[in-house]
Amino acid sequence: MKQGSLLEITITDLNTNGEGVGKINGKVIFVPDTAIGDRALVRVTRVKSKYAEGKLQQLLNPSRDRIRPRCIVADKCGGCQWQHINWESQLITKHQQVSQSLQRIGGFSEVPVQPTLHTAESLHYRNKATYPLGISATGNLQAGYYRKNSHKIVNLNQCPVQDSRLNPLLKEIKQDIQQQGWSIYDETQTINNNQGKLRHLSLRIGHHTEEMLVTLVATNNDIPGITEQAKIWFDRYPNLVGVCLNINPHKTNIIFGHQTHTIVGQSYLKEIFGGLEFTILSDTFFQINTAAAELLLNKIIQILDLQGHEILIDAYCGIGTFTLPLAKKVKQAIGIEAHPASIMQAKQNAEINKINNVDFYAHKVEKYLQEINVDADIILLDPPRKGCDRRVIEILLNLQPSKIVYVSCKPATLARDLKLLCSSGIYKLQLIQPIDFFPQTSHVESLALLQK
């Protein structure tokens, strides 16, 4: 196998990056934009010792799983990987990826993986979209997602996975920014620090309340006429509750800076989740797919069979998204989160909903659990993609709560951590529930229940 050569292969699997997997003479080759069952002509773009990478040149015999993408730029945009694959096949593949990770990485021979849980809608589910801004070769403003493996923007006027109620704002606000002539940030321009100002356009909506929040991210707050323009947007869109300006002067791929100013209206929107009211700021972490998050919450409540006498700790609790609904069903709840701003919001959300049996602490999880003087019945884990710190696993094995609920957004790190927890002999894996939080992509959320 040589770089540049043309090969005829059959795609037999999909990997966790969303690429099709095939084999030539025993060597694995990864090919984006393919589906299981495709017979394809592929050009080899890279050859490594254990695998190769290829680019689809021609479909010789398309898979039965293939469908026509709903987005006209699906083959270019890096936002989705699987719009060309029917949803049923996506759900099956995600189930298989979770099962395979638990077997290969976790060493579990019998894996109690349930069918992938999903909402009724595979499109229009994103309640937040943050678009980088740029200028095209013809001088027109662009807003969209980056092309696959690049920093070139695919210009969008609508997005089929974004909540459809946000589409008019994307198209029209983009036109207004162009007419205002505001300078657009360009990280490649370093002469006299002339990089422009506007970096991103962020749109957010309450799935249930329909309240909307618009945020511009800029290098500084010197945006001529922004207050007048914000008032025009505020009057134009009845559900718009606030227009904000976030300041991020740093050369970084982190979107939001530490300062956010409210230009018009308020700095937050309200959302109803789990029967409770939450306030959500421009940069608040809140589950992108509200309906899927509600499925997850209901599944947690179902498997825990709460009786009202339990003490529950929610590690990595964020703004209390799961802590507060669960607090209504237990004797005492404790939320732990490393980010002080999230803890402040969690406390405010508890106060808004008059929930008095919950305490929130701004600590690293490993630090708080090590110093805790509470005999918890249940510990809920919802770590970032990298999974739990090894010290967290060790402390859990020392605390030995009756049940551990682990919410994961990466099957590989879930399998690694479950292996550590179960190999002690203290815990048994009772259930794994994949949930499709991100249809049209290769990402899958999973819920695991461990019990002594």
# chains A, B, ... in the order shown; residues from 1 in each chain; ligands from 1
>>> residues_around(residues="Ala292 (chain A)", least_positions_apart="4", cutoff="7 Å", atoms="only C-alpha atoms", output="ChimeraX atom specification")
/A:118-119,296,437
>>> select_by_dssp(residues="region 65-265 of chain A", states="strand (DSSP E)", output="MDAnalysis selection string")
chainID A and resid 128:135 141:146 153:155 198:205 212:218 240:247 259:265
>>> write_last_selection(atoms="C-alpha atoms", output="PDB file, in the first residue's frame")
ATOM      1  CA  LYS A 128     -26.853  26.553  21.106  1.00  0.00           C
ATOM      2  CA  ALA A 129     -24.633  27.302  18.112  1.00  0.00           C
ATOM      3  CA  THR A 130     -21.440  29.362  18.148  1.00  0.00           C
ATOM      4  CA  TYR A 131     -20.147  30.271  14.708  1.00  0.00           C
ATOM      5  CA  PRO A 132     -16.669  31.596  13.903  1.00  0.00           C
ATOM      6  CA  LEU A 133     -16.737  34.673  11.670  1.00  0.00           C
ATOM      7  CA  GLY A 134     -14.544  35.313   8.667  1.00  0.00           C
ATOM      8  CA  ILE A 135     -14.280  37.156   5.358  1.00  0.00           C
ATOM      9  CA  LEU A 141     -18.926  38.046   5.759  1.00  0.00           C
ATOM     10  CA  GLN A 142     -18.935  34.338   6.537  1.00  0.00           C
ATOM     11  CA  ALA A 143     -20.377  32.543   9.547  1.00  0.00           C
ATOM     12  CA  GLY A 144     -20.417  28.785   9.834  1.00  0.00           C
ATOM     13  CA  TYR A 145     -18.434  25.776  10.946  1.00  0.00           C
ATOM     14  CA  TYR A 146     -14.893  24.944   9.905  1.00  0.00           C
ATOM     15  CA  ILE A 153     -15.163  28.460   7.271  1.00  0.00           C
ATOM     16  CA  VAL A 154     -18.062  26.781   5.471  1.00  0.00           C
ATOM     17  CA  ASN A 155     -20.531  29.638   5.147  1.00  0.00           C
ATOM     18  CA  LEU A 198     -15.437  40.319  15.885  1.00  0.00           C
ATOM     19  CA  ARG A 199     -14.578  36.653  16.375  1.00  0.00           C
ATOM     20  CA  HIS A 200     -17.786  34.639  16.881  1.00  0.00           C
ATOM     21  CA  LEU A 201     -21.566  34.839  16.739  1.00  0.00           C
ATOM     22  CA  SER A 202     -23.283  32.758  19.418  1.00  0.00           C
ATOM     23  CA  LEU A 203     -27.013  31.943  19.370  1.00  0.00           C
ATOM     24  CA  ARG A 204     -28.854  30.250  22.211  1.00  0.00           C
ATOM     25  CA  ILE A 205     -32.485  29.238  22.771  1.00  0.00           C
ATOM     26  CA  MET A 212     -33.252  33.561  22.859  1.00  0.00           C
ATOM     27  CA  LEU A 213     -29.861  35.055  23.654  1.00  0.00           C
ATOM     28  CA  VAL A 214     -27.446  36.576  21.106  1.00  0.00           C
ATOM     29  CA  THR A 215     -23.779  37.021  21.987  1.00  0.00           C
ATOM     30  CA  LEU A 216     -20.995  38.532  19.898  1.00  0.00           C
ATOM     31  CA  VAL A 217     -17.436  37.608  20.856  1.00  0.00           C
ATOM     32  CA  ALA A 218     -14.872  40.335  20.143  1.00  0.00           C
ATOM     33  CA  LEU A 240     -34.922  37.683  22.105  1.00  0.00           C
ATOM     34  CA  VAL A 241     -34.317  38.483  25.790  1.00  0.00           C
ATOM     35  CA  GLY A 242     -30.750  39.749  25.601  1.00  0.00           C
ATOM     36  CA  VAL A 243     -27.830  40.825  23.397  1.00  0.00           C
ATOM     37  CA  CYS A 244     -24.388  40.429  24.954  1.00  0.00           C
ATOM     38  CA  LEU A 245     -20.777  41.204  24.063  1.00  0.00           C
ATOM     39  CA  ASN A 246     -18.096  38.836  25.300  1.00  0.00           C
ATOM     40  CA  ILE A 247     -14.479  40.048  25.331  1.00  0.00           C
ATOM     41  CA  GLN A 259     -15.859  39.249  30.602  1.00  0.00           C
ATOM     42  CA  THR A 260     -19.374  39.488  29.192  1.00  0.00           C
ATOM     43  CA  HIS A 261     -21.264  42.793  28.931  1.00  0.00           C
ATOM     44  CA  THR A 262     -25.021  43.033  28.450  1.00  0.00           C
ATOM     45  CA  ILE A 263     -25.782  45.481  25.610  1.00  0.00           C
ATOM     46  CA  VAL A 264     -29.574  45.211  25.625  1.00  0.00           C
ATOM     47  CA  GLY A 265     -31.995  43.215  27.775  1.00  0.00           C
TER      48      GLY A 265
END
>>> closest_residue(among="A:Arg104, A:Ala74, A:Ile177, A:Leu7", to="Asn140 (chain A)", atoms="only C-alpha atoms")
A:Ile177
>>> closest_residue(among="A:Leu380, A:Leu102, A:Ile280, A:Leu421", to="Tyr406 (chain A)", atoms="only C-alpha atoms")
A:Leu380
>>> residues_around(residues="Leu169 (chain A)", least_positions_apart="2", cutoff="10 Å", atoms="only C-alpha atoms", output="number ranges by chain")
A: 157-158, 164-167, 171-175, 203, 212, 214, 233, 236-237, 240
>>> closest_residue(among="A:Leu396, A:Ala376, A:Gly387, A:Ile105", to="Thr413 (chain A)", atoms="only C-alpha atoms")
A:Gly387
>>> residues_around(residues="Gln3 (chain A)", least_positions_apart="3", cutoff="10 Å", atoms="only C-alpha atoms", output="CSV table (one decimal) with C-alpha atoms, in the first residue's frame")
chain,number,residue,atom,x,y,z
A,6,LEU,CA,-6.1,3.8,-5.8
A,43,ARG,CA,-7.1,7.1,-2.8
A,44,VAL,CA,-4.6,6.5,-0.1
A,45,THR,CA,-3.6,9.8,1.5
A,46,ARG,CA,-1.4,8.6,4.4
A,47,VAL,CA,0.3,5.4,5.3
A,48,LYS,CA,1.4,4.6,8.9
A,52,ALA,CA,-3.6,4.0,6.5
A,53,GLU,CA,-5.9,6.9,5.7
A,54,GLY,CA,-7.8,7.4,2.4
>>> closest_residue(among="A:Leu447, A:Cys422, A:Leu60, A:Leu399", to="Ala293 (chain A)", atoms="only C-alpha atoms")
A:Leu447
>>> atom_distance(atom1="CA of Gly425 (chain A)", atom2="CA of Arg391 (chain A)")
18.0 Å
>>> select_by_dssp(residues="region 272-399 of chain A", states="alpha helix (DSSP H)", output="PDB file with N, CA and C atoms, in the first residue's frame")
ATOM      1  N   THR A 290     -31.562  19.323  24.671  1.00  0.00           N
ATOM      2  CA  THR A 290     -32.406  19.351  25.869  1.00  0.00           C
ATOM      3  C   THR A 290     -33.258  18.087  25.981  1.00  0.00           C
ATOM      4  N   ALA A 291     -33.881  17.681  24.889  1.00  0.00           N
ATOM      5  CA  ALA A 291     -34.773  16.512  24.923  1.00  0.00           C
ATOM      6  C   ALA A 291     -34.007  15.243  25.292  1.00  0.00           C
ATOM      7  N   ALA A 292     -32.794  15.087  24.768  1.00  0.00           N
ATOM      8  CA  ALA A 292     -31.981  13.911  25.096  1.00  0.00           C
ATOM      9  C   ALA A 292     -31.538  13.950  26.560  1.00  0.00           C
ATOM     10  N   ALA A 293     -31.200  15.141  27.044  1.00  0.00           N
ATOM     11  CA  ALA A 293     -30.808  15.283  28.454  1.00  0.00           C
ATOM     12  C   ALA A 293     -31.963  14.912  29.379  1.00  0.00           C
ATOM     13  N   GLU A 294     -33.187  15.222  28.965  1.00  0.00           N
ATOM     14  CA  GLU A 294     -34.361  14.841  29.756  1.00  0.00           C
ATOM     15  C   GLU A 294     -34.539  13.324  29.769  1.00  0.00           C
ATOM     16  N   LEU A 295     -34.260  12.673  28.643  1.00  0.00           N
ATOM     17  CA  LEU A 295     -34.283  11.209  28.613  1.00  0.00           C
ATOM     18  C   LEU A 295     -33.273  10.633  29.589  1.00  0.00           C
ATOM     19  N   LEU A 296     -32.074  11.232  29.604  1.00  0.00           N
ATOM     20  CA  LEU A 296     -31.008  10.777  30.499  1.00  0.00           C
ATOM     21  C   LEU A 296     -31.432  10.943  31.962  1.00  0.00           C
ATOM     22  N   LEU A 297     -31.948  12.121  32.299  1.00  0.00           N
ATOM     23  CA  LEU A 297     -32.388  12.373  33.670  1.00  0.00           C
ATOM     24  C   LEU A 297     -33.455  11.359  34.093  1.00  0.00           C
ATOM     25  N   ASN A 298     -34.420  11.117  33.240  1.00  0.00           N
ATOM     26  CA  ASN A 298     -35.490  10.169  33.571  1.00  0.00           C
ATOM     27  C   ASN A 298     -34.957   8.750  33.745  1.00  0.00           C
ATOM     28  N   LYS A 299     -33.948   8.404  32.944  1.00  0.00           N
ATOM     29  CA  LYS A 299     -33.348   7.072  33.068  1.00  0.00           C
ATOM     30  C   LYS A 299     -32.600   6.947  34.391  1.00  0.00           C
ATOM     31  N   ILE A 300     -31.899   8.001  34.790  1.00  0.00           N
ATOM     32  CA  ILE A 300     -31.188   7.993  36.078  1.00  0.00           C
ATOM     33  C   ILE A 300     -32.188   7.792  37.215  1.00  0.00           C
ATOM     34  N   ILE A 301     -33.283   8.537  37.166  1.00  0.00           N
ATOM     35  CA  ILE A 301     -34.311   8.419  38.206  1.00  0.00           C
ATOM     36  C   ILE A 301     -34.893   7.008  38.233  1.00  0.00           C
ATOM     37  N   GLN A 302     -35.100   6.447  37.054  1.00  0.00           N
ATOM     38  CA  GLN A 302     -35.683   5.103  36.956  1.00  0.00           C
ATOM     39  C   GLN A 302     -34.766   4.049  37.563  1.00  0.00           C
ATOM     40  N   ILE A 303     -33.486   4.069  37.199  1.00  0.00           N
ATOM     41  CA  ILE A 303     -32.583   2.996  37.645  1.00  0.00           C
ATOM     42  C   ILE A 303     -32.199   3.136  39.123  1.00  0.00           C
ATOM     43  N   LEU A 304     -32.254   4.357  39.653  1.00  0.00           N
ATOM     44  CA  LEU A 304     -31.889   4.544  41.059  1.00  0.00           C
ATOM     45  C   LEU A 304     -33.039   4.186  42.000  1.00  0.00           C
ATOM     46  N   THR A 323     -28.309  17.744  39.508  1.00  0.00           N
ATOM     47  CA  THR A 323     -28.341  17.793  40.972  1.00  0.00           C
ATOM     48  C   THR A 323     -29.697  18.230  41.494  1.00  0.00           C
ATOM     49  N   LEU A 324     -30.231  19.308  40.931  1.00  0.00           N
ATOM     50  CA  LEU A 324     -31.451  19.906  41.469  1.00  0.00           C
ATOM     51  C   LEU A 324     -32.696  19.037  41.253  1.00  0.00           C
ATOM     52  N   PRO A 325     -32.934  18.483  40.050  1.00  0.00           N
ATOM     53  CA  PRO A 325     -34.082  17.571  39.919  1.00  0.00           C
ATOM     54  C   PRO A 325     -33.963  16.347  40.825  1.00  0.00           C
ATOM     55  N   LEU A 326     -32.725  15.834  40.994  1.00  0.00           N
ATOM     56  CA  LEU A 326     -32.528  14.659  41.851  1.00  0.00           C
ATOM     57  C   LEU A 326     -32.684  15.021  43.325  1.00  0.00           C
ATOM     58  N   ALA A 327     -32.313  16.261  43.685  1.00  0.00           N
ATOM     59  CA  ALA A 327     -32.453  16.706  45.076  1.00  0.00           C
ATOM     60  C   ALA A 327     -33.902  16.650  45.544  1.00  0.00           C
ATOM     61  N   PRO A 340     -15.951  28.043  39.745  1.00  0.00           N
ATOM     62  CA  PRO A 340     -16.736  28.850  40.696  1.00  0.00           C
ATOM     63  C   PRO A 340     -17.963  29.518  40.079  1.00  0.00           C
ATOM     64  N   ALA A 341     -17.852  29.965  38.813  1.00  0.00           N
ATOM     65  CA  ALA A 341     -18.994  30.630  38.171  1.00  0.00           C
ATOM     66  C   ALA A 341     -20.169  29.666  38.027  1.00  0.00           C
ATOM     67  N   SER A 342     -19.888  28.405  37.719  1.00  0.00           N
ATOM     68  CA  SER A 342     -20.961  27.405  37.600  1.00  0.00           C
ATOM     69  C   SER A 342     -21.613  27.147  38.952  1.00  0.00           C
ATOM     70  N   ILE A 343     -20.800  27.091  40.008  1.00  0.00           N
ATOM     71  CA  ILE A 343     -21.343  26.872  41.344  1.00  0.00           C
ATOM     72  C   ILE A 343     -22.226  28.044  41.762  1.00  0.00           C
ATOM     73  N   MET A 344     -21.824  29.260  41.402  1.00  0.00           N
ATOM     74  CA  MET A 344     -22.639  30.429  41.710  1.00  0.00           C
ATOM     75  C   MET A 344     -24.005  30.320  41.032  1.00  0.00           C
ATOM     76  N   GLN A 345     -24.009  29.894  39.763  1.00  0.00           N
ATOM     77  CA  GLN A 345     -25.273  29.718  39.050  1.00  0.00           C
ATOM     78  C   GLN A 345     -26.097  28.582  39.654  1.00  0.00           C
ATOM     79  N   ALA A 346     -25.419  27.499  40.059  1.00  0.00           N
ATOM     80  CA  ALA A 346     -26.126  26.369  40.666  1.00  0.00           C
ATOM     81  C   ALA A 346     -26.854  26.816  41.934  1.00  0.00           C
ATOM     82  N   LYS A 347     -26.187  27.626  42.752  1.00  0.00           N
ATOM     83  CA  LYS A 347     -26.808  28.127  43.984  1.00  0.00           C
ATOM     84  C   LYS A 347     -28.000  29.030  43.659  1.00  0.00           C
ATOM     85  N   GLN A 348     -27.854  29.858  42.632  1.00  0.00           N
ATOM     86  CA  GLN A 348     -28.953  30.729  42.220  1.00  0.00           C
ATOM     87  C   GLN A 348     -30.142  29.904  41.727  1.00  0.00           C
ATOM     88  N   ASN A 349     -29.841  28.838  40.953  1.00  0.00           N
ATOM     89  CA  ASN A 349     -30.914  27.976  40.445  1.00  0.00           C
ATOM     90  C   ASN A 349     -31.625  27.250  41.585  1.00  0.00           C
ATOM     91  N   ALA A 350     -30.876  26.855  42.616  1.00  0.00           N
ATOM     92  CA  ALA A 350     -31.493  26.225  43.791  1.00  0.00           C
ATOM     93  C   ALA A 350     -32.423  27.207  44.496  1.00  0.00           C
ATOM     94  N   GLU A 351     -31.969  28.454  44.603  1.00  0.00           N
ATOM     95  CA  GLU A 351     -32.773  29.484  45.267  1.00  0.00           C
ATOM     96  C   GLU A 351     -34.043  29.789  44.473  1.00  0.00           C
ATOM     97  N   ILE A 352     -33.898  29.897  43.143  1.00  0.00           N
ATOM     98  CA  ILE A 352     -35.067  30.173  42.290  1.00  0.00           C
ATOM     99  C   ILE A 352     -36.137  29.110  42.473  1.00  0.00           C
ATOM    100  N   VAL A 365     -13.025  17.726  42.200  1.00  0.00           N
ATOM    101  CA  VAL A 365     -13.733  16.556  42.717  1.00  0.00           C
ATOM    102  C   VAL A 365     -12.838  15.719  43.611  1.00  0.00           C
ATOM    103  N   GLU A 366     -11.601  15.470  43.168  1.00  0.00           N
ATOM    104  CA  GLU A 366     -10.707  14.617  43.949  1.00  0.00           C
ATOM    105  C   GLU A 366     -10.383  15.227  45.311  1.00  0.00           C
ATOM    106  N   LYS A 367     -10.305  16.557  45.360  1.00  0.00           N
ATOM    107  CA  LYS A 367      -9.994  17.228  46.625  1.00  0.00           C
ATOM    108  C   LYS A 367     -11.178  17.140  47.586  1.00  0.00           C
ATOM    109  N   TYR A 368     -12.373  17.432  47.095  1.00  0.00           N
ATOM    110  CA  TYR A 368     -13.543  17.427  47.970  1.00  0.00           C
ATOM    111  C   TYR A 368     -13.854  16.018  48.473  1.00  0.00           C
ATOM    112  N   LEU A 369     -13.839  15.033  47.578  1.00  0.00           N
ATOM    113  CA  LEU A 369     -14.174  13.667  47.987  1.00  0.00           C
ATOM    114  C   LEU A 369     -13.197  13.134  49.028  1.00  0.00           C
ATOM    115  N   GLN A 370     -11.950  13.593  48.938  1.00  0.00           N
ATOM    116  CA  GLN A 370     -10.931  13.127  49.878  1.00  0.00           C
ATOM    117  C   GLN A 370     -11.179  13.680  51.281  1.00  0.00           C
ATOM    118  N   GLU A 371     -11.767  14.882  51.349  1.00  0.00           N
ATOM    119  CA  GLU A 371     -11.955  15.546  52.639  1.00  0.00           C
ATOM    120  C   GLU A 371     -13.376  15.411  53.170  1.00  0.00           C
ATOM    121  N   ARG A 390      -7.390   9.474  38.138  1.00  0.00           N
ATOM    122  CA  ARG A 390      -7.150   8.189  38.825  1.00  0.00           C
ATOM    123  C   ARG A 390      -7.401   8.303  40.327  1.00  0.00           C
ATOM    124  N   ARG A 391      -7.108   9.480  40.880  1.00  0.00           N
ATOM    125  CA  ARG A 391      -7.322   9.674  42.315  1.00  0.00           C
ATOM    126  C   ARG A 391      -8.806   9.607  42.662  1.00  0.00           C
ATOM    127  N   VAL A 392      -9.671  10.060  41.756  1.00  0.00           N
ATOM    128  CA  VAL A 392     -11.116   9.979  41.991  1.00  0.00           C
ATOM    129  C   VAL A 392     -11.544   8.519  42.098  1.00  0.00           C
ATOM    130  N   ILE A 393     -11.027   7.677  41.216  1.00  0.00           N
ATOM    131  CA  ILE A 393     -11.348   6.247  41.252  1.00  0.00           C
ATOM    132  C   ILE A 393     -10.913   5.636  42.577  1.00  0.00           C
ATOM    133  N   GLU A 394      -9.699   5.968  43.003  1.00  0.00           N
ATOM    134  CA  GLU A 394      -9.174   5.411  44.255  1.00  0.00           C
ATOM    135  C   GLU A 394     -10.002   5.854  45.453  1.00  0.00           C
ATOM    136  N   ILE A 395     -10.430   7.114  45.454  1.00  0.00           N
ATOM    137  CA  ILE A 395     -11.233   7.629  46.567  1.00  0.00           C
ATOM    138  C   ILE A 395     -12.608   6.972  46.583  1.00  0.00           C
ATOM    139  N   LEU A 396     -13.199   6.756  45.393  1.00  0.00           N
ATOM    140  CA  LEU A 396     -14.494   6.082  45.317  1.00  0.00           C
ATOM    141  C   LEU A 396     -14.425   4.669  45.904  1.00  0.00           C
ATOM    142  N   LEU A 397     -13.338   3.981  45.611  1.00  0.00           N
ATOM    143  CA  LEU A 397     -13.172   2.620  46.122  1.00  0.00           C
ATOM    144  C   LEU A 397     -12.976   2.626  47.633  1.00  0.00           C
ATOM    145  N   ASN A 398     -12.513   3.750  48.159  1.00  0.00           N
ATOM    146  CA  ASN A 398     -12.368   3.885  49.605  1.00  0.00           C
ATOM    147  C   ASN A 398     -13.696   4.277  50.258  1.00  0.00           C
ATOM    148  N   LEU A 399     -14.448   5.184  49.613  1.00  0.00           N
ATOM    149  CA  LEU A 399     -15.738   5.627  50.157  1.00  0.00           C
ATOM    150  C   LEU A 399     -16.806   4.545  50.062  1.00  0.00           C
TER     151      LEU A 399
END
>>> atom_distance(atom1="CA of Asp375 (chain A)", atom2="CA of Lys410 (chain A)")
29.1 Å
>>> closest_residue(among="A:Asp305, A:Glu110, A:Asp377, A:Asp222", to="Leu429 (chain A)", atoms="only C-alpha atoms")
A:Glu110
>>> residues_around(residues="His207 (chain A)", least_positions_apart="4", cutoff="9 Å", atoms="only C-alpha atoms", output="list in words")
Tyr125, Arg126, Asn127, Asp163, Glu211, Glu271, Ile272, Asn289, Thr290 and Ala291 of chain A
>>> residues_around(residues="Cys80 (chain A)", least_positions_apart="2", cutoff="6 Å", atoms="only C-alpha atoms", output="MDAnalysis selection string")
chainID A and resid 78 82 440:441
>>> write_last_selection(atoms="C-alpha atoms", output="short mmCIF file (atom, residue, chain, number, x, y, z; two decimals), in the first residue's frame")
data_model
loop_
_atom_site.label_atom_id
_atom_site.label_comp_id
_atom_site.auth_asym_id
_atom_site.auth_seq_id
_atom_site.Cartn_x
_atom_site.Cartn_y
_atom_site.Cartn_z
CA GLY A 78 -16.92 19.58 9.88
CA TRP A 82 -22.95 11.02 9.42
CA GLN A 440 -25.65 12.98 12.61
CA THR A 441 -22.31 12.79 14.46
#
>>> closest_residue(among="A:Met1, A:Val42, A:Leu59, A:Val405", to="Gly26 (chain A)", atoms="only C-alpha atoms")
A:Met1
>>> residues_around(residues="Leu312 (chain A)", least_positions_apart="3", cutoff="7 Å", atoms="only C-alpha atoms", output="VMD selection string")
chain A and resid 332 to 334 376 to 379
>>> decode(residues="region 256-307 of chain A", atoms="C-alpha atoms", output="compact mmCIF listing (two decimals), in the first residue's frame")
# COMPACT_ATOMS: atom_id res chain seq x y z
CA PHE A 256 -15.33 32.85 25.27
CA GLY A 257 -13.29 35.26 27.36
CA HIS A 258 -13.84 36.02 31.05
CA GLN A 259 -15.86 39.25 30.60
CA THR A 260 -19.37 39.49 29.19
CA HIS A 261 -21.26 42.79 28.93
CA THR A 262 -25.02 43.03 28.45
CA ILE A 263 -25.78 45.48 25.61
CA VAL A 264 -29.57 45.21 25.63
CA GLY A 265 -31.99 43.21 27.78
CA GLN A 266 -30.63 40.62 30.17
CA SER A 267 -27.51 38.44 30.36
CA TYR A 268 -29.37 35.13 30.55
CA LEU A 269 -32.29 33.13 29.24
CA LYS A 270 -34.61 30.92 31.23
CA GLU A 271 -35.15 27.25 30.50
CA ILE A 272 -37.36 24.58 32.05
CA PHE A 273 -35.60 21.28 32.71
CA GLY A 274 -36.75 18.41 34.89
CA GLY A 275 -39.71 20.50 35.96
CA LEU A 276 -37.42 23.25 37.28
CA GLU A 277 -36.42 26.71 36.07
CA PHE A 278 -32.77 27.34 35.14
CA THR A 279 -30.99 30.55 34.19
CA ILE A 280 -28.43 30.07 31.42
CA LEU A 281 -25.77 32.65 30.49
CA SER A 282 -23.94 33.04 27.17
CA ASP A 283 -21.04 30.84 28.28
CA THR A 284 -22.88 28.48 30.63
CA PHE A 285 -22.33 24.79 30.01
CA PHE A 286 -25.77 23.28 29.48
CA GLN A 287 -26.60 20.12 27.56
CA ILE A 288 -26.88 20.95 23.84
CA ASN A 289 -29.74 18.52 23.27
CA THR A 290 -32.41 19.35 25.87
CA ALA A 291 -34.77 16.51 24.92
CA ALA A 292 -31.98 13.91 25.10
CA ALA A 293 -30.81 15.28 28.45
CA GLU A 294 -34.36 14.84 29.76
CA LEU A 295 -34.28 11.21 28.61
CA LEU A 296 -31.01 10.78 30.50
CA LEU A 297 -32.39 12.37 33.67
CA ASN A 298 -35.49 10.17 33.57
CA LYS A 299 -33.35 7.07 33.07
CA ILE A 300 -31.19 7.99 36.08
CA ILE A 301 -34.31 8.42 38.21
CA GLN A 302 -35.68 5.10 36.96
CA ILE A 303 -32.58 3.00 37.65
CA LEU A 304 -31.89 4.54 41.06
CA ASP A 305 -35.43 3.91 42.33
CA LEU A 306 -35.04 6.70 44.87
CA GLN A 307 -37.00 6.38 48.12
